[in-house]
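Quick look at final_34.tsv (TSV, C-alpha atoms):
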chain	number	residue	atom	x	y	z
Z	1	MET	CA	-16.56	20.66	4.97
Z	2	ALA	CA	-19.75	21.02	6.97
Z	3	GLN	CA	-19.84	23.66	9.67
Z	4	LEU	CA	-19.45	22.35	13.20
Z	5	GLN	CA	-22.74	22.25	15.09
Z	6	LEU	CA	-22.33	23.41	18.69
Z	7	ASN	CA	-24.86	21.10	20.37
Z	8	LYS	CA	-24.93	17.93	22.46
Z	9	SER	CA	-25.64	15.70	19.46
Z	10	SER	CA	-22.56	17.04	17.67
Z	11	LEU	CA	-20.51	16.59	20.87
Z	12	SER	CA	-21.54	12.94	21.05
Z	13	ASN	CA	-20.74	12.48	17.35
Z	14	GLN	CA	-17.26	14.03	17.78
Z	15	LYS	CA	-16.52	11.86	20.83
Z	16	THR	CA	-17.49	8.74	18.84
Z	17	LYS	CA	-15.19	9.80	15.99
Z	18	LEU	CA	-12.33	10.42	18.41
Z	19	LYS	CA	-12.71	6.94	19.95
Z	20	THR	CA	-12.74	5.39	16.47
Z	21	TYR	CA	-9.63	7.28	15.37
Z	22	GLN	CA	-7.80	6.39	18.59
Z	23	ARG	CA	-8.77	2.74	18.16
Z	24	PHE	CA	-7.45	2.56	14.56
Z	25	LEU	CA	-4.19	4.45	15.12
Z	26	PRO	CA	-2.39	1.65	17.05
Z	27	SER	CA	-3.32	-0.92	14.40
Z	28	LEU	CA	-1.95	1.39	11.68
Z	29	ASP	CA	1.26	1.85	13.67
Z	30	LEU	CA	1.59	-1.91	14.11
Z	31	LYS	CA	1.02	-2.49	10.40
Z	32	ARG	CA	3.62	0.17	9.57
Z	33	GLN	CA	6.15	-1.53	11.87
Z	34	GLN	CA	5.44	-4.95	10.36
Z	35	LEU	CA	5.87	-3.55	6.85
Z	36	MET	CA	9.17	-1.96	7.82
Z	37	VAL	CA	10.41	-5.29	9.24
Z	38	GLU	CA	9.34	-7.12	6.06
Z	39	LYS	CA	10.96	-4.42	3.91
Z	40	ALA	CA	14.22	-4.84	5.84
Z	41	LYS	CA	14.06	-8.62	5.30
Z	42	ALA	CA	13.38	-8.13	1.58
Z	43	GLN	CA	16.27	-5.64	1.32
Z	44	THR	CA	18.62	-8.10	3.04
Z	45	GLU	CA	17.53	-10.82	0.62
Z	46	LEU	CA	18.10	-8.46	-2.33
Z	47	ASP	CA	21.56	-7.55	-1.01
Z	48	ILE	CA	22.48	-11.24	-0.75
Z	49	TYR	CA	21.44	-11.83	-4.37
Z	50	LEU	CA	23.38	-8.75	-5.52
Z	51	VAL	CA	26.51	-10.01	-3.72
Z	52	THR	CA	26.01	-13.40	-5.39
Z	53	VAL	CA	25.81	-11.74	-8.84
Z	54	ARG	CA	28.98	-9.77	-8.08
Z	55	ASP	CA	30.79	-12.90	-6.87
Z	56	LEU	CA	29.71	-14.89	-9.94
Z	57	THR	CA	30.90	-12.08	-12.22
Z	58	LYS	CA	34.25	-11.95	-10.40
Z	59	ARG	CA	34.54	-15.73	-10.54
Z	60	VAL	CA	33.97	-15.75	-14.31
Z	61	GLY	CA	36.70	-13.13	-14.73
Z	62	THR	CA	39.27	-14.96	-12.60
Z	63	ASP	CA	38.47	-18.64	-13.23
Z	64	LEU	CA	37.64	-18.44	-16.91
Z	65	PRO	CA	39.94	-15.96	-18.68
Z	66	MET	CA	39.64	-18.11	-21.79
Z	67	LEU	CA	36.20	-16.56	-22.42
Z	68	ASP	CA	38.03	-13.82	-24.30
Z	69	ASN	CA	38.76	-16.34	-27.05
Z	70	PRO	CA	36.59	-15.20	-30.01
Z	71	GLU	CA	36.90	-18.59	-31.70
Z	72	VAL	CA	34.64	-20.27	-29.13
Z	73	ASP	CA	31.05	-19.11	-29.68
Z	74	LEU	CA	29.03	-19.28	-26.47
Z	75	THR	CA	26.00	-17.23	-27.53
Z	76	GLY	CA	22.70	-18.86	-26.68
Z	77	ILE	CA	24.28	-21.69	-24.71
Z	78	VAL	CA	21.97	-21.01	-21.75
Z	79	ARG	CA	18.45	-19.65	-21.86
Z	80	LEU	CA	15.58	-19.04	-19.50
Z	81	LYS	CA	12.88	-21.41	-20.65
Z	82	ASP	CA	10.20	-20.28	-18.22
Z	83	TYR	CA	9.46	-19.43	-14.62
Z	84	GLN	CA	6.43	-19.24	-12.39
Z	85	LEU	CA	5.45	-16.61	-9.85
Z	86	ALA	CA	3.01	-16.94	-6.99
Z	87	SER	CA	1.56	-14.24	-4.80
Z	88	GLU	CA	2.30	-13.90	-1.09
Z	89	ASN	CA	0.21	-11.71	1.21
Z	90	ILE	CA	2.36	-9.85	3.74
Z	91	VAL	CA	0.37	-7.50	6.00
Z	92	GLY	CA	-2.17	-6.86	3.25
Z	93	THR	CA	0.42	-6.36	0.51
Z	94	LYS	CA	0.61	-8.86	-2.35
Z	95	LEU	CA	4.20	-9.71	-3.17
Z	96	PRO	CA	5.60	-11.90	-5.96
Z	97	VAL	CA	7.34	-15.15	-5.02
Z	98	LEU	CA	9.40	-17.18	-7.46
Z	99	THR	CA	8.06	-20.73	-7.21
Z	100	ARG	CA	9.62	-22.38	-10.23
Z	101	ILE	CA	12.42	-21.57	-12.63
Z	102	ASN	CA	13.44	-23.56	-15.70
Z	103	ILE	CA	16.81	-22.67	-17.21
Z	104	GLU	CA	17.91	-24.74	-20.14
Z	105	ILE	CA	21.46	-25.46	-21.22
Z	106	ILE	CA	21.32	-25.84	-24.98
Z	107	PRO	CA	23.00	-29.09	-26.03
Z	108	TYR	CA	26.40	-28.61	-27.63
Z	109	SER	CA	29.06	-30.86	-29.01
Z	110	THR	CA	31.56	-31.77	-26.33
Z	111	ILE	CA	34.02	-32.65	-29.08
Z	112	ALA	CA	33.75	-29.31	-30.90
Z	113	LYS	CA	33.81	-27.18	-27.74
Z	114	PRO	CA	36.62	-27.00	-25.15
Z	115	HIS	CA	36.19	-28.77	-21.80
Z	116	TRP	CA	35.79	-25.49	-19.87
Z	117	VAL	CA	32.49	-24.73	-21.67
Z	118	ASP	CA	30.76	-26.99	-19.12
Z	119	ASP	CA	31.87	-24.66	-16.30
Z	120	VAL	CA	30.79	-21.62	-18.29
Z	121	ALA	CA	27.35	-23.14	-18.89
Z	122	ARG	CA	26.91	-23.86	-15.17
Z	123	LEU	CA	28.04	-20.36	-14.20
Z	124	LEU	CA	25.76	-18.77	-16.78
Z	125	GLN	CA	22.88	-20.87	-15.48
Z	126	GLN	CA	23.57	-19.70	-11.91
Z	127	MET	CA	23.92	-16.10	-13.07
Z	128	LEU	CA	20.62	-16.19	-14.98
Z	129	GLU	CA	18.81	-17.69	-12.00
Z	130	THR	CA	20.34	-15.20	-9.57
Z	131	ARG	CA	19.49	-12.23	-11.79
Z	132	LEU	CA	15.88	-13.38	-11.94
Z	133	HIS	CA	15.89	-13.56	-8.14
Z	134	VAL	CA	17.32	-10.02	-8.07
Z	135	GLN	CA	14.45	-8.73	-10.25
Z	136	ILE	CA	11.83	-10.36	-8.03
Z	137	ALA	CA	13.56	-9.14	-4.84
Z	138	LYS	CA	13.69	-5.57	-6.20
Z	139	LYS	CA	9.98	-5.71	-6.95
Z	140	ARG	CA	9.25	-6.98	-3.44
Z	141	VAL	CA	11.29	-4.16	-1.86
Z	142	LYS	CA	9.54	-1.58	-4.06
Z	143	LEU	CA	6.05	-2.88	-3.21
Z	144	LEU	CA	6.81	-3.03	0.52
Z	145	ASP	CA	8.24	0.48	0.38
Z	146	GLN	CA	5.09	1.81	-1.32
Z	147	ALA	CA	2.86	0.01	1.20
Z	148	ALA	CA	4.89	1.38	4.14
Z	149	LYS	CA	4.63	4.94	2.73
Z	150	THR	CA	0.86	4.59	2.29
Z	151	ILE	CA	0.38	3.29	5.84
Z	152	SER	CA	2.67	6.02	7.20
Z	153	GLN	CA	0.58	8.66	5.43
Z	154	ARG	CA	-2.61	7.20	6.88
Z	155	ALA	CA	-1.13	7.05	10.37
Z	156	SER	CA	0.05	10.65	10.03
Z	157	LEU	CA	-3.41	11.68	8.88
Z	158	PHE	CA	-4.94	10.16	12.01
Z	159	GLU	CA	-2.17	11.32	14.33
Z	160	LYS	CA	-1.60	14.85	13.07
Z	161	ILE	CA	-4.92	15.92	11.55
Z	162	LEU	CA	-7.99	13.88	12.43
Z	163	ILE	CA	-7.39	13.29	16.15
Z	164	PRO	CA	-6.23	16.88	16.97
Z	165	THR	CA	-9.05	18.40	14.88
Z	166	THR	CA	-11.64	16.22	16.61
Z	167	ARG	CA	-10.22	17.13	20.03
Z	168	ASP	CA	-10.40	20.84	19.11
Z	169	ASN	CA	-13.99	20.37	17.95
Z	170	ILE	CA	-14.93	18.69	21.24
Z	171	LYS	CA	-13.28	21.54	23.16
Z	172	LYS	CA	-15.18	24.18	21.13
Z	173	ILE	CA	-18.50	22.40	21.62
Z	174	LYS	CA	-17.92	22.01	25.38
Z	175	ILE	CA	-17.03	25.71	25.71
Z	176	SER	CA	-20.10	26.70	23.69
Z	177	LEU	CA	-22.40	24.43	25.73
Z	178	SER	CA	-20.84	25.70	28.98
Z	179	ASP	CA	-21.35	29.33	27.85
Z	180	ALA	CA	-24.94	28.57	26.86
Z	181	GLN	CA	-25.59	26.94	30.23
Z	182	MET	CA	-24.02	29.85	32.12
Z	183	SER	CA	-26.04	32.29	30.05
Z	184	ALA	CA	-29.22	30.35	30.86
Z	185	VAL	CA	-28.42	30.45	34.60
Z	186	VAL	CA	-27.77	34.22	34.47
Z	187	ARG	CA	-31.05	34.83	32.56
Z	188	SER	CA	-32.86	32.67	35.09
Z	189	LYS	CA	-31.45	34.69	38.03
Z	190	ILE	CA	-32.31	38.00	36.35
Z	191	ALA	CA	-35.85	36.80	35.69
Z	192	LYS	CA	-36.15	35.59	39.30
Z	193	ARG	CA	-34.98	39.00	40.61
Z	194	LYS	CA	-37.45	40.82	38.37
Z	195	ARG	CA	-40.28	38.65	39.65
Z	196	ALA	CA	-39.19	39.15	43.26
Z	197	SER	CA	-38.98	42.94	42.88
Z	198	THR	CA	-42.48	43.22	41.42
Encoding of this model in structure tokens:
Amino acid sequence: MAQLQLNKSSLSNQKTKLKTYQRFLPSLDLKRQQLMVEKAKAQTELDIYLVTVRDLTKRVGTDLPMLDNPEVDLTGIVRLKDYQLASENIVGTKLPVLTRINIEIIPYSTIAKPHWVDDVARLLQQMLETRLHVQIAKKRVKLLDQAAKTISQRASLFEKILIPTTRDNIKKIKISLSDAQMSAVVRSKIAKRKRAST
């Protein structure tokens, strides 16, 4: 770090820096608050999806106890064919958004399978879709959390280091310039006295 110059030019430079830092700090605070609000929304959305997964799991256990029957093979009855993500910009942070999901129920013989397989297929389809939403929601929360931490660090840097350091620098320069001015006045008076006494 360069040594602080104790002159008027350096004083002007430090004052300009201080104004810049003070101008950016409120915008960083606002961005941090917006990110925290968005993170809370994303967390609420994630919680809703997690409750839905839990409810679907409970529903399968209570409504379809016949799933324990090993004679009915349900493997591969539902599969995720594909899905599409888009990107959403929230306060400068790119977040994934699920725009399309294609879950396929593999055709099966309604004669060879019991009637309750239709319900199982629908529940599995809902579960697969909800779990995909959970994954996307978790990623959104994680990205918003990282962005909020980064902005908080920047705001802390301005608030706790840059602004106080710049204020201290301005104070040091002002004291030095004041001392130099006082010293010049004293030298001037001494020189004036010497000339008057001669």
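Counting all atoms listed in the file and comparing Z:Ile101, Z:Ile175, Z:Val91, Z:Leu4, the residue that lies closest to Thr130 of chain Z is Z:Ile101.
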Exercise. For Lys149 of chain Z, which of Z:Asn7, Z:Gln33, Z:Ser27, Z:Gln43 is the closest residue, counting all atoms listed in the file?
Worked result: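 Counting all atoms listed in the file, the residue closest to Lys149 of chain Z is Z:Gln33.
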Seminar exercise, completed: Counting all atoms listed in the file, the residue among Z:Leu30, Z:Met127, Z:Ala191, Z:Leu11 that lies closest to Thr166 of chain Z is Z:Leu11
Exercise. If you measure from atom CA of Leu98 of chain Z to atom CA of Val37 of chain Z, what distance in Å do you get, rounded to one decimal?
Worked result: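 For atom CA of Leu98 of chain Z relative to atom CA of Val37 of chain Z, the distance reads 20.5 Å.
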Exercise. Suppose you want the space between atom CA of Leu85 of chain Z and atom CA of Arg100 of chain Z; what is it in Å?
Worked result: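 Taking atom CA of Leu85 of chain Z and atom CA of Arg100 of chain Z, their separation equals 7.1 Å.
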Centre and edge lengths of an axis-aligned box around all listed atoms of segment 134-146 of chain Z, with 4 Å added on each side, are to be given in Å to one decimal, as JSON.
{"center_x": 11.2, "center_y": -4.3, "center_z": -4.9, "size_x": 20.2, "size_y": 20.2, "size_z": 18.8}
Exercise. For the atom pair atom CA of Ala155 of chain Z and atom CA of Leu25 of chain Z, what is the interatomic distance in Å to one decimal place?
Worked result: 6.2 Å
Problem set entry | Among the residues Z:Met36, Z:Leu123, Z:Leu80, Z:Ile106, the one that comes closest to Asp55 of chain Z [using all atoms listed in the file] | Z:Leu123
Exercise. Can you tell me, as an MDAnalysis selection string, what residues are no more than 8 Å from Lys81 of chain Z when counting all atoms listed in the file, ignoring any on the same chain fewer than 2 positions away?
Worked result: chainID Z and resid 79 83 102:104
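The list of residues within 10 Å of (20.0, -11.5, -10.8), counted using only C-alpha atoms, is Leu46, Tyr49, Leu50, Val51, Thr52, Val53, Arg54, Gln126, Met127, Leu128, Glu129, Thr130, Arg131, Leu132, His133, Val134, Gln135, Ile136, Ala137 and Lys138 of chain Z.
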For this session: Check the smallest atom-to-atom distance from each of Z:Gln181, Z:Gln34, Z:Thr198, Z:Gln153 to Thr93 of chain Z using only C-alpha atoms, then report the winner.
Result: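 Using only C-alpha atoms, the shortest distance to Thr93 of chain Z belongs to Z:Gln34.
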Exercise. Using all atoms listed in the file, which residues sit within 12 Å of Thr20 of chain Z once same-chain residues fewer than 6 positions away are excluded, as a ChimeraX atom specification?
Worked result: /Z:13-14,26-27,158,162-163,166
